[in-house]
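Pasted below: entry_0.txt, compact mmCIF, C-alpha atoms.
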# COMPACT_ATOMS: atom_id res chain seq x y z
CA MET N 1 -52.24 54.08 134.31
CA GLU N 2 -55.24 53.24 136.44
CA ASN N 3 -57.60 50.56 135.19
CA LYS N 4 -55.52 49.60 132.21
CA LEU N 5 -53.79 46.36 131.38
CA ARG N 6 -50.40 46.28 129.76
CA LEU N 7 -50.63 43.57 127.12
CA GLU N 8 -47.32 42.25 125.86
CA ILE N 9 -47.04 39.47 123.32
CA VAL N 10 -43.56 38.08 122.83
CA THR N 11 -42.43 35.35 120.46
CA PRO N 12 -38.98 33.99 119.60
CA TYR N 13 -39.19 36.27 116.55
CA GLY N 14 -39.61 39.40 118.58
CA GLN N 15 -42.28 41.42 120.28
CA ILE N 16 -45.59 41.40 118.43
CA LEU N 17 -47.55 43.74 120.58
CA SER N 18 -47.12 46.02 123.56
CA GLU N 19 -50.16 48.11 124.33
CA ASP N 20 -52.35 49.41 127.14
CA VAL N 21 -55.73 47.71 126.86
CA ASP N 22 -58.95 47.39 128.85
CA GLU N 23 -59.67 43.72 128.54
CA VAL N 24 -58.03 40.53 127.29
CA THR N 25 -59.68 37.22 126.41
CA SER N 26 -57.60 34.22 125.48
CA ALA N 27 -57.74 30.44 125.14
CA GLY N 28 -56.02 28.60 127.97
CA THR N 29 -55.48 24.85 127.85
CA ASP N 30 -58.20 24.48 130.49
CA GLY N 31 -60.62 26.77 128.75
CA GLU N 32 -61.08 30.34 127.72
CA PHE N 33 -60.35 33.06 130.23
CA GLY N 34 -60.88 36.77 130.40
CA VAL N 35 -58.73 39.29 132.20
CA LEU N 36 -59.76 42.69 133.46
CA PRO N 37 -57.50 45.12 135.31
CA GLY N 38 -56.95 44.02 138.88
CA HIS N 39 -57.05 40.32 138.06
CA VAL N 40 -55.58 37.82 140.52
CA PRO N 41 -52.03 36.95 139.43
CA PHE N 42 -51.92 33.66 137.60
CA ILE N 43 -49.90 31.68 135.11
CA THR N 44 -51.46 29.41 132.55
CA THR N 45 -50.52 27.49 129.45
CA LEU N 46 -52.22 28.48 126.22
CA LYS N 47 -53.43 26.41 123.37
CA THR N 48 -53.52 27.47 119.76
CA GLY N 49 -56.28 30.00 119.39
CA VAL N 50 -57.27 33.60 119.21
CA LEU N 51 -56.57 36.30 121.72
CA ILE N 52 -59.00 39.18 121.75
CA TYR N 53 -58.25 42.47 123.38
CA LYS N 54 -60.42 45.49 123.86
CA LYS N 55 -59.10 48.99 123.94
CA GLY N 56 -61.78 51.63 124.30
CA SER N 57 -64.20 50.77 121.54
CA GLU N 58 -61.54 49.02 119.50
CA MET N 59 -61.23 45.28 119.36
CA GLY N 60 -58.00 43.58 118.37
CA TYR N 61 -57.53 39.96 117.34
CA VAL N 62 -54.25 38.13 117.62
CA PHE N 63 -53.48 34.61 116.52
CA ILE N 64 -51.57 32.70 119.19
CA SER N 65 -49.87 29.35 118.62
CA SER N 66 -49.36 27.57 121.94
CA GLY N 67 -47.42 29.23 124.68
CA TYR N 68 -48.24 30.55 128.09
CA ALA N 69 -49.55 33.63 129.78
CA GLU N 70 -48.45 35.40 132.92
CA VAL N 71 -51.17 37.59 134.34
CA SER N 72 -50.82 40.09 137.14
CA SER N 73 -53.11 42.90 138.24
CA ASP N 74 -51.86 45.41 135.69
CA ARG N 75 -50.17 43.35 132.97
CA VAL N 76 -50.62 40.34 130.75
CA ILE N 77 -47.51 38.80 129.26
CA ILE N 78 -48.02 36.24 126.52
CA LEU N 79 -45.12 34.06 125.45
CA ALA N 80 -46.11 32.23 122.29
CA ASP N 81 -44.35 29.96 119.80
CA SER N 82 -45.69 32.24 117.15
CA ALA N 83 -48.26 35.02 117.03
CA GLU N 84 -49.67 37.35 114.44
CA LYS N 85 -52.10 40.20 114.51
CA ALA N 86 -55.16 39.43 112.41
CA GLU N 87 -54.19 42.01 109.82
CA ASP N 88 -50.71 40.51 109.46
CA ILE N 89 -51.83 36.97 108.72
CA ASP N 90 -50.66 35.62 105.40
CA VAL N 91 -53.72 33.73 104.16
CA GLU N 92 -51.93 32.24 101.16
CA ARG N 93 -49.32 30.76 103.42
CA ALA N 94 -51.88 29.37 105.84
CA LEU N 95 -53.82 27.79 102.98
CA ALA N 96 -50.65 26.23 101.62
CA ALA N 97 -49.73 24.97 105.07
CA ARG N 98 -53.13 23.37 105.47
CA ARG N 99 -52.87 21.68 102.10
CA ARG N 100 -49.45 20.33 102.97
CA ALA N 101 -50.65 19.00 106.30
CA GLU N 102 -53.67 17.37 104.68
CA GLU N 103 -51.39 15.72 102.13
CA ARG N 104 -49.30 14.39 104.97
CA LEU N 105 -52.38 12.96 106.68
CA LYS N 106 -53.10 10.89 103.60
CA GLU N 107 -49.78 9.09 103.71
CA VAL N 108 -50.94 7.06 106.66
CA GLU N 109 -47.83 5.01 107.26
CA LYS N 110 -45.25 7.74 107.72
CA ILE N 111 -47.00 10.65 109.30
CA ASP N 112 -46.64 12.26 112.63
CA PHE N 113 -50.36 12.44 113.31
CA ALA N 114 -50.16 14.93 116.15
CA ARG N 115 -47.97 17.25 114.17
CA ALA N 116 -50.13 17.18 111.08
CA THR N 117 -53.37 17.81 112.96
CA ALA N 118 -51.75 20.60 114.95
CA ALA N 119 -50.63 22.17 111.69
CA ILE N 120 -54.14 21.95 110.30
CA GLU N 121 -55.55 23.51 113.44
CA ARG N 122 -53.10 26.39 113.28
CA ALA N 123 -53.79 27.03 109.62
CA THR N 124 -57.55 26.86 110.05
CA ILE N 125 -57.59 29.35 112.89
CA ARG N 126 -55.30 31.66 110.95
CA ILE N 127 -57.59 31.54 107.93
CA GLN N 128 -60.71 32.19 109.98
CA LEU N 129 -59.09 35.05 111.79
CA ALA N 130 -57.57 36.67 108.75
CA GLY N 131 -60.94 38.01 107.66
CA LYS N 132 -61.43 39.95 110.86
CA ARG N 133 -60.21 43.47 111.11
CA VAL N 134 -59.85 45.75 114.05
CA VAL N 135 -63.36 47.00 114.72
CA LYS N 136 -63.50 50.69 115.50
CA MET I 26 9.64 37.57 83.16
CA PRO I 27 6.09 36.86 81.93
CA GLY I 28 5.03 38.75 78.83
CA LEU I 29 2.97 41.93 78.89
CA LYS I 30 -0.12 40.16 77.73
CA GLU I 31 -0.02 37.57 80.51
CA ILE I 32 0.39 40.20 83.18
CA ARG I 33 -2.51 42.20 81.80
CA LYS I 34 -4.65 39.07 81.83
CA ARG I 35 -3.78 38.37 85.46
CA ILE I 36 -4.60 41.93 86.49
CA THR I 37 -8.04 41.67 84.91
CA SER I 38 -8.70 38.35 86.59
CA VAL I 39 -7.61 39.62 90.01
CA LYS I 40 -9.76 42.71 89.50
CA SER I 41 -12.87 40.66 88.82
CA THR I 42 -12.12 38.46 91.84
CA LYS I 43 -11.87 41.60 93.89
CA GLN I 44 -15.27 42.71 92.70
CA ILE I 45 -16.76 39.39 93.76
CA THR I 46 -15.20 39.45 97.21
CA LYS I 47 -16.29 43.03 97.66
CA ALA I 48 -19.87 42.17 96.74
CA MET I 49 -19.83 39.13 99.01
CA LYS I 50 -18.62 41.30 101.83
CA MET I 51 -21.52 43.67 101.39
CA VAL I 52 -24.03 40.85 101.18
CA ALA I 53 -22.55 39.33 104.34
CA ALA I 54 -22.79 42.69 106.06
CA ALA I 55 -26.49 42.99 105.23
CA LYS I 56 -27.19 39.42 106.34
CA PHE I 57 -25.18 39.98 109.45
CA ARG I 58 -27.28 42.96 110.50
CA LYS I 59 -30.42 40.92 110.01
CA ALA I 60 -29.08 37.97 111.98
CA GLN I 61 -27.98 40.26 114.75
CA SER I 62 -31.37 41.91 115.09
CA ARG I 63 -33.07 38.48 115.24
CA MET I 64 -30.70 37.56 118.03
CA PHE I 65 -31.75 40.61 120.00
CA GLU I 66 -35.41 39.97 119.33
CA LEU I 67 -35.15 36.53 120.88
CA ARG I 68 -33.55 37.93 123.98
CA ALA I 69 -36.80 39.42 125.32
CA TYR I 70 -38.54 36.06 125.02
CA ALA I 71 -35.66 34.12 126.56
CA ASP I 72 -35.40 36.51 129.50
CA LYS I 73 -39.11 36.36 130.31
CA MET I 74 -39.09 32.57 130.06
CA GLN I 75 -36.13 32.37 132.41
CA SER I 76 -37.83 34.56 134.98
CA VAL I 77 -40.98 32.42 134.98
CA LEU I 78 -38.94 29.23 135.25
CA SER I 79 -36.97 30.48 138.19
CA SER I 80 -40.06 31.77 139.91
CA LEU I 81 -41.51 28.27 139.59
CA ALA I 82 -38.39 26.33 140.50
CA GLY I 83 -38.71 27.02 144.20
CA SER I 84 -42.13 25.49 144.56
CA VAL I 85 -42.17 22.42 142.33
CA ASP I 86 -40.67 18.98 142.30
CA THR I 87 -37.61 19.31 140.09
CA GLY I 88 -37.23 15.59 139.42
CA HIS I 89 -37.99 16.05 135.73
CA PRO I 90 -36.23 13.51 133.47
CA LEU I 91 -34.51 16.32 131.57
CA LEU I 92 -32.89 17.51 134.78
CA GLU I 93 -31.79 14.08 135.92
CA VAL I 94 -28.03 13.58 135.85
CA ARG I 95 -27.03 10.07 134.79
CA PRO I 96 -23.53 8.57 134.81
CA ARG I 97 -21.78 9.57 131.58
CA LYS I 98 -21.50 6.42 129.55
CA ASN I 99 -22.50 7.78 126.19
CA VAL I 100 -22.07 11.41 125.24
CA GLU I 101 -23.49 13.07 122.17
CA ILE I 102 -21.55 15.90 120.55
CA VAL I 103 -23.50 18.26 118.34
CA ALA I 104 -21.36 20.45 116.11
CA LEU I 105 -23.03 23.57 114.77
CA THR I 106 -21.46 24.77 111.54
CA SER I 107 -22.53 26.62 108.41
CA ASP I 108 -23.82 25.28 105.10
CA ARG I 109 -21.58 27.48 103.02
CA GLY I 110 -17.86 28.09 103.06
CA LEU I 111 -15.79 31.21 102.41
CA CYS I 112 -16.06 32.37 105.96
CA GLY I 113 -12.49 32.02 107.20
CA ALA I 114 -11.78 29.62 110.02
CA PHE I 115 -15.41 29.64 111.17
CA ASN I 116 -16.11 25.95 110.55
CA THR I 117 -12.59 24.70 111.10
CA ASN I 118 -12.57 26.16 114.60
CA VAL I 119 -15.79 24.39 115.55
CA MET I 120 -14.63 21.11 114.08
CA LYS I 121 -11.27 21.35 115.82
CA ALA I 122 -12.94 21.91 119.17
CA ALA I 123 -15.43 19.11 118.52
CA THR I 124 -12.75 16.62 117.49
CA ARG I 125 -10.66 17.47 120.51
CA LEU I 126 -13.65 17.01 122.78
CA ILE I 127 -14.44 13.66 121.18
CA LYS I 128 -10.85 12.45 121.64
CA ASP I 129 -10.75 13.58 125.26
CA LEU I 130 -13.99 11.79 126.04
CA GLN I 131 -12.88 8.63 124.24
CA ASN I 132 -9.63 8.65 126.22
CA ASP I 133 -11.74 8.62 129.37
CA GLY I 134 -13.46 5.48 128.09
CA ILE I 135 -16.73 7.19 127.22
CA GLU I 136 -18.69 6.27 124.12
CA VAL I 137 -19.17 9.25 121.87
CA GLY I 138 -21.74 9.86 119.19
CA ALA I 139 -21.93 12.88 116.96
CA SER I 140 -24.50 14.93 115.12
CA ALA I 141 -23.95 17.88 112.89
CA ILE I 142 -26.00 20.94 112.14
CA GLY I 143 -24.83 22.53 108.90
CA LYS I 144 -23.48 20.96 105.75
CA LYS I 145 -19.83 21.79 106.41
CA GLY I 146 -19.80 19.98 109.71
CA ALA I 147 -21.56 16.96 108.27
CA ASP I 148 -19.05 16.78 105.38
CA LEU I 149 -16.06 17.14 107.65
CA PHE I 150 -17.26 14.45 110.04
CA ARG I 151 -17.85 12.09 107.13
CA ARG I 152 -14.47 12.79 105.59
CA ARG I 153 -12.84 11.83 108.84
CA GLY I 154 -14.74 8.58 108.81
CA PHE I 155 -16.88 9.51 111.77
CA ASN I 156 -20.32 8.01 111.94
CA LEU I 157 -22.97 10.67 112.22
CA ARG I 158 -26.07 9.90 114.18
CA ARG I 159 -28.07 12.71 112.66
CA SER I 160 -27.39 15.70 110.53
CA TRP I 161 -29.49 18.75 109.83
CA THR I 162 -28.47 20.73 106.81
CA GLY I 163 -29.85 23.53 104.68
CA LEU I 164 -30.83 25.72 107.62
CA SER I 165 -28.49 28.61 106.86
CA GLY I 166 -30.13 31.85 105.96
CA ARG I 167 -33.65 30.92 106.93
CA ILE I 168 -33.47 29.59 110.44
CA SER I 169 -36.87 29.36 112.03
CA TYR I 170 -38.03 28.37 115.45
CA VAL I 171 -39.43 25.18 113.93
CA ASN I 172 -35.87 24.04 113.14
CA ALA I 173 -34.92 24.45 116.77
CA GLN I 174 -38.06 22.55 117.81
CA GLU I 175 -37.20 19.64 115.52
CA ILE I 176 -33.66 19.39 116.80
CA ALA I 177 -34.79 19.68 120.42
CA LYS I 178 -37.43 17.00 119.90
CA ASP I 179 -34.92 14.56 118.45
CA ILE I 180 -32.42 15.19 121.21
CA ILE I 181 -35.03 14.89 123.96
CA GLU I 182 -36.41 11.62 122.57
CA ASN I 183 -32.98 10.06 122.39
CA TYR I 184 -32.03 11.38 125.79
CA ILE I 185 -35.11 9.93 127.44
CA GLY I 186 -34.65 6.72 125.45
CA GLU I 187 -31.12 6.66 126.94
CA THR I 188 -29.31 6.61 123.59
CA PHE I 189 -27.00 9.04 125.31
CA ASP I 190 -26.61 10.43 128.81
CA GLU I 191 -25.34 13.86 127.99
CA VAL I 192 -25.52 16.25 125.06
CA MET I 193 -22.86 18.85 124.31
CA LEU I 194 -23.21 21.55 121.70
CA VAL I 195 -20.15 23.11 120.06
CA TYR I 196 -20.79 26.36 118.24
CA ASN I 197 -19.47 29.81 117.46
CA GLU I 198 -20.67 32.13 120.13
CA PHE I 199 -21.24 35.67 118.97
CA ARG I 200 -19.17 38.22 120.89
CA SER I 201 -18.96 41.07 118.40
CA ALA I 202 -18.68 41.60 114.67
CA LEU I 203 -14.95 40.98 114.99
CA VAL I 204 -14.86 38.31 117.66
CA GLN I 205 -16.47 34.89 117.49
CA LYS I 206 -15.59 32.41 120.16
CA VAL I 207 -15.98 28.65 119.89
CA THR I 208 -17.99 27.58 122.89
CA THR I 209 -19.08 24.24 124.26
CA VAL I 210 -22.30 24.10 126.24
CA ARG I 211 -24.14 21.24 127.85
CA LEU I 212 -27.66 21.00 126.47
CA LEU I 213 -28.79 17.99 128.47
CA PRO I 214 -29.26 17.30 131.28
CA LEU I 215 -30.48 20.84 131.72
CA SER I 216 -28.61 22.78 134.33
CA PRO I 217 -30.77 23.00 137.42
CA VAL I 218 -32.90 26.10 137.44
CA SER I 219 -32.18 28.15 140.49
CA ALA I 220 -35.07 29.64 142.36
CA GLU I 221 -35.29 33.39 142.28
CA GLU I 222 -33.89 34.76 145.48
CA THR I 223 -35.11 38.30 145.26
CA GLU I 224 -38.72 37.26 145.26
CA PRO I 225 -39.99 36.17 148.68
CA ASN I 226 -42.12 33.05 148.97
CA GLU I 227 -45.29 34.93 149.86
CA MET I 228 -45.20 36.75 146.55
CA ARG I 229 -45.08 33.55 144.57
CA ALA I 230 -47.83 31.93 146.55
CA GLU I 231 -50.20 34.57 145.23
CA PHE I 232 -50.03 33.19 141.73
CA LEU I 233 -52.74 30.86 140.57
CA TYR I 234 -51.63 28.14 138.19
CA GLU I 235 -53.60 26.56 135.44
CA PRO I 236 -53.43 23.54 135.03
CA SER I 237 -50.85 23.18 137.83
CA GLN I 238 -47.42 24.46 138.72
CA GLN I 239 -45.93 21.09 137.94
CA ALA I 240 -47.59 20.85 134.53
CA ILE I 241 -46.41 24.31 133.55
CA PHE I 242 -42.90 23.65 134.79
CA ASP I 243 -42.72 20.36 132.90
CA ARG I 244 -43.90 22.04 129.75
CA LEU I 245 -41.49 24.90 130.06
CA LEU I 246 -38.39 22.73 130.45
CA PRO I 247 -38.36 21.32 126.92
CA LYS I 248 -39.29 24.79 125.67
CA ASN I 249 -36.26 26.09 127.47
CA LEU I 250 -34.09 23.64 125.54
CA GLU I 251 -35.70 24.75 122.28
CA ILE I 252 -34.89 28.33 123.10
CA GLN I 253 -31.31 27.47 123.94
CA ILE I 254 -30.90 25.71 120.61
CA PHE I 255 -32.65 28.51 118.74
CA ARG I 256 -30.37 31.04 120.37
CA ALA I 257 -27.30 29.02 119.42
CA LEU I 258 -28.57 28.77 115.83
CA LEU I 259 -29.08 32.51 115.60
CA GLU I 260 -25.76 33.31 117.26
CA SER I 261 -23.95 30.94 114.95
CA GLN I 262 -25.68 32.57 111.99
CA ALA I 263 -24.60 36.03 113.08
CA SER I 264 -21.08 34.76 113.74
CA GLU I 265 -20.95 33.11 110.33
CA GLU I 266 -21.85 36.29 108.50
CA ALA I 267 -19.46 38.32 110.64
CA ALA I 268 -16.67 35.82 109.92
CA ARG I 269 -17.50 35.95 106.22
CA MET I 270 -17.41 39.75 106.32
CA THR I 271 -13.91 39.69 107.81
CA ALA I 272 -12.72 36.99 105.42
CA MET I 273 -14.01 38.88 102.40
CA GLU I 274 -12.58 42.14 103.67
CA ASN I 275 -9.17 40.45 103.89
CA ALA I 276 -9.59 38.91 100.46
CA THR I 277 -10.43 42.30 98.97
CA LYS I 278 -7.34 43.80 100.60
CA ALA I 279 -5.18 40.96 99.33
CA ALA I 280 -6.56 41.50 95.83
CA ASP I 281 -5.70 45.20 96.08
CA ASP I 282 -2.11 44.36 97.08
CA MET I 283 -1.85 41.90 94.27
CA ILE I 284 -3.19 44.37 91.74
CA SER I 285 -0.69 47.02 92.75
CA SER I 286 2.26 44.64 92.64
CA LEU I 287 1.10 43.28 89.28
CA THR I 288 0.66 46.80 87.92
CA LEU I 289 4.20 47.61 89.01
CA GLN I 290 5.44 44.50 87.27
CA TYR I 291 3.43 45.39 84.18
CA ASN I 292 4.87 48.92 84.02
CA LYS I 293 8.38 47.62 84.47
CA ALA I 294 7.91 45.13 81.66
CA ARG I 295 6.40 47.78 79.44
CA GLN I 296 9.32 50.13 80.16
CA ALA I 297 11.76 47.34 79.41
CA SER I 298 10.14 46.55 76.11
CA ILE I 299 10.10 50.23 75.09
CA THR I 300 13.77 50.59 75.97
CA LYS I 301 14.52 47.45 73.99
CA GLU I 302 12.63 48.74 70.94
CA LEU I 303 14.42 52.09 71.15
CA MET I 304 17.75 50.36 71.33
CA ASP I 305 16.83 48.31 68.28
CA ILE I 306 15.90 51.44 66.32
CA VAL I 307 19.02 53.30 67.37
CA GLY I 308 21.08 50.22 66.51
CA GLY I 309 19.40 50.04 63.09
CA VAL I 310 20.03 53.73 62.36
CA GLU I 311 23.66 53.42 63.34
CA ALA I 312 24.03 50.41 61.09
CA LEU I 313 22.51 52.31 58.12
CA LYS I 314 24.86 55.28 58.61
CA GLN I 315 27.88 53.16 58.07

Could I get this file's structure written as structure tokens?
Amino acid sequence: MENKLRLEIVTPYGQILSEDVDEVTSAGTDGEFGVLPGHVPFITTLKTGVLIYKKGSEMGYVFISSGYAEVSSDRVIILADSAEKAEDIDVERALAARRRAEERLKEVEKIDFARATAAIERATIRIQLAGKRVVK
Amino acid sequence: MPGLKEIRKRITSVKSTKQITKAMKMVAAAKFRKAQSRMFELRAYADKMQSVLSSLAGSVDTGHPLLEVRPRKNVEIVALTSDRGLCGAFNTNVMKAATRLIKDLQNDGIEVGASAIGKKGADLFRRRGFNLRRSWTGLSGRISYVNAQEIAKDIIENYIGETFDEVMLVYNEFRSALVQKVTTVRLLPLSPVSAEETEPNEMRAEFLYEPSQQAIFDRLLPKNLEIQIFRALLESQASEEAARMTAMENATKAADDMISSLTLQYNKARQASITKELMDIVGGVEALKQ
């Protein structure tokens, strides 16, 4: 289809999304980037964050936990460690995960600092995003 | 010949065993379908990852430490087994292959260390007096990508710290619901990634890389190992449930055979006792007549 982007989000747990969209914005490790149809092909690593796509007047939000993106003129392929659409986020689980990670941070001597902070970051973004719904 | 009552008791007990094995078979079948679909779901991810890696391989420096081949002085064997039993020769096969591999390597004068994934493997190694470096247990049934990441992280750290120079994984590869094959793969050093041949150089040059080709390549390599481990975990899971299905199917059949032979025995005994009673009565009547 002319002037459309094929957005595919794949995780080790299966394909999360495969849709024709108009615009994709995502968080790369070197900063946020936006993709419109006809974009120069590029490959980038992603950090934990939110991917936003626009399809007509609809906006979709997807939680992405580190991975990478392969962009070409008519498709965006996201390979993420884990990903969830905003409406599929389990807030209870994210809250529990954040509590656990915060507990771990308190036990200063035996924590893996990077892992705990990464867990907190993931949970926080999930919680923030969970409130958002697809805007029509 | 055992009495009627004993035979009846045995029939009831075999019947209830049969019900259990039948139920276990159905549970295994359901779990198997789930494990199989997870395996297929991963395939899409693994394939895409592979294609990006090979498209990068041609244009980057491939001197990454995980690709570096060192002389084999110390080899680590990782045996992937299940946490639960009752799945036929599933675990025994893996352990046999692992033990053989360990012996072969030791005969060549190579130091061997061992790790186990799954409770059965850990127990068996311990019983044979083998020192385990690490063991991961309790994964069965709820394998997640995080498990694979943990295992990969541990292996990578020890590999780079030169605790060992090579890592081999022994596991049950999934062929079909009826066939599981014990396979040994080398996890580290990673087999060199071959550059994609179909794609000409000019095509690749068009890609922009952020941060850089090298950085992306270096980040993808450990991820590749994670995926390999995750795939092995899922395949082993599917194989385990398939093996359990077959084992329970056989057990149910054996119970059926046993029930029919016991029933035959029971009827014979019953017939015999009736005949004996009749003879007693007839004997008694004859005695009275006289």

Per residue of chain N within 9 Å of chain I, note the shortest atom pair and the distance in Å to one decimal, counting only C-alpha atoms, and order the rows by chain and increasing residue number, as JSON lines.
{"residue": "N:Val10", "atom": "CA", "partner": "I:Tyr70", "partner_atom": "CA", "distance": 5.8}
{"residue": "N:Thr11", "atom": "CA", "partner": "I:Tyr70", "partner_atom": "CA", "distance": 6.0}
{"residue": "N:Pro12", "atom": "CA", "partner": "I:Leu67", "partner_atom": "CA", "distance": 4.8}
{"residue": "N:Tyr13", "atom": "CA", "partner": "I:Leu67", "partner_atom": "CA", "distance": 5.9}
{"residue": "N:Gly14", "atom": "CA", "partner": "I:Glu66", "partner_atom": "CA", "distance": 4.3}
{"residue": "N:Gln15", "atom": "CA", "partner": "I:Glu66", "partner_atom": "CA", "distance": 7.1}
{"residue": "N:Gly28", "atom": "CA", "partner": "I:Glu235", "partner_atom": "CA", "distance": 8.1}
{"residue": "N:Thr29", "atom": "CA", "partner": "I:Pro236", "partner_atom": "CA", "distance": 7.6}
{"residue": "N:Asp30", "atom": "CA", "partner": "I:Pro236", "partner_atom": "CA", "distance": 6.7}
{"residue": "N:Val40", "atom": "CA", "partner": "I:Phe232", "partner_atom": "CA", "distance": 7.3}
{"residue": "N:Pro41", "atom": "CA", "partner": "I:Phe232", "partner_atom": "CA", "distance": 4.8}
{"residue": "N:Phe42", "atom": "CA", "partner": "I:Leu233", "partner_atom": "CA", "distance": 4.2}
{"residue": "N:Ile43", "atom": "CA", "partner": "I:Tyr234", "partner_atom": "CA", "distance": 5.0}
{"residue": "N:Thr44", "atom": "CA", "partner": "I:Glu235", "partner_atom": "CA", "distance": 4.6}
{"residue": "N:Thr45", "atom": "CA", "partner": "I:Ile241", "partner_atom": "CA", "distance": 6.6}
{"residue": "N:Tyr68", "atom": "CA", "partner": "I:Ile241", "partner_atom": "CA", "distance": 8.5}
{"residue": "N:Glu70", "atom": "CA", "partner": "I:Val77", "partner_atom": "CA", "distance": 8.3}
{"residue": "N:Val71", "atom": "CA", "partner": "I:Phe232", "partner_atom": "CA", "distance": 8.7}
{"residue": "N:Ser72", "atom": "CA", "partner": "I:Phe232", "partner_atom": "CA", "distance": 8.3}
{"residue": "N:Ile77", "atom": "CA", "partner": "I:Lys73", "partner_atom": "CA", "distance": 8.8}
{"residue": "N:Leu79", "atom": "CA", "partner": "I:Tyr70", "partner_atom": "CA", "distance": 6.9}
{"residue": "N:Ala80", "atom": "CA", "partner": "I:Tyr70", "partner_atom": "CA", "distance": 8.9}
{"residue": "N:Asp81", "atom": "CA", "partner": "I:Tyr170", "partner_atom": "CA", "distance": 7.8}
{"residue": "N:Ser82", "atom": "CA", "partner": "I:Tyr170", "partner_atom": "CA", "distance": 8.7}

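Atom CA of Glu93 of chain I is found 17.6 Å from atom CA of Leu81 of chain I.
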
Quiz item: Please, which residues are within 8 Å of (-51.4, 26.2, 120.6) by the file's coordinates, counting only C-alpha atoms, and could they come as a count of residues only?
Solution: 10

Quiz item: Hey, which of I:Tyr184, I:Gly309, I:Ala202, I:Gly163 ends up closest to Arg269 of chain I? Count only C-alpha atoms.
Solution: I:Ala202

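Around Glu266 of chain I, within 7 Å and counting only C-alpha atoms, the residues found are Ala53, Ala54, Lys56, Phe57, Gln262, Ala263, Arg269 and Met270 of chain I, once anything fewer than 3 positions away on its own chain is removed.
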
Self-check item: Top pick for closest residue to Ile284 of chain I, considering I:Gly28, I:Thr42, I:Leu164, I:Lys206 and counting only C-alpha atoms
Solution: I:Thr42

Self-check item: Close residues, Ile185 of chain I itself excluded, 8 Å, all atoms listed in the file, min 4 positions apart in chain, as a VMD selection string
Solution: chain I and resid 90 to 91 181

Practice problem: Tell me which protein, DNA and RNA residues are within 12 Å of Ile127 of chain I, counting all atoms listed in the file, leaving out same-chain ones fewer than 4 positions away, and put them as a ChimeraX atom specification. | Solution: /I:99-104,120-123,131-140,150,155,193-195,209

Quiz item: Of the residues N:Ile120, N:Val76, N:Leu17, N:Ala27, which is the one nearest to Arg100 of chain N, using all atoms listed in the file?
Solution: N:Ile120

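For the pair atom CA of Ser160 of chain I and atom CA of Glu103 of chain N, the interatomic distance is 25.4 Å.
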
Quiz item: Do you know which residues are at most 10 Å from Thr124 of chain N counting only C-alpha atoms, after dropping those on the same chain fewer than 3 positions away, and could you put them as a PyMOL selection string?
Solution: chain N and resi 49+91+94-95+97-98+118-121+127-130

Self-check item: atom CA of Gln75 of chain I to atom CA of Asn249 of chain I, distance in Å rounded to a single decimal
Solution: 8.0 Å

Exercise. Skip Val24 of chain N itself and residues of its chain fewer than 6 positions away, then list as a count of residues only all residues within 9 Å of it, counting all atoms listed in the file.
Key: 11

Centre, edges in Å (one decimal): axis-aligned box, segment 272-288 of chain I, 8 Å padding on all six sides, as lines of an AutoDock Vina configuration file:
center_x = -5.9
center_y = 42.0
center_z = 96.7
size_x = 32.3
size_y = 26.0
size_z = 33.5

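Remark: residues at most 9 Å from position (-60.9, 47.7, 124.2) in file coordinates are Val21, Asp22, Glu23, Val24, Tyr53, Lys54, Lys55, Gly56, Ser57, Glu58, Met59 and Gly60 of chain N, using all atoms listed in the file.
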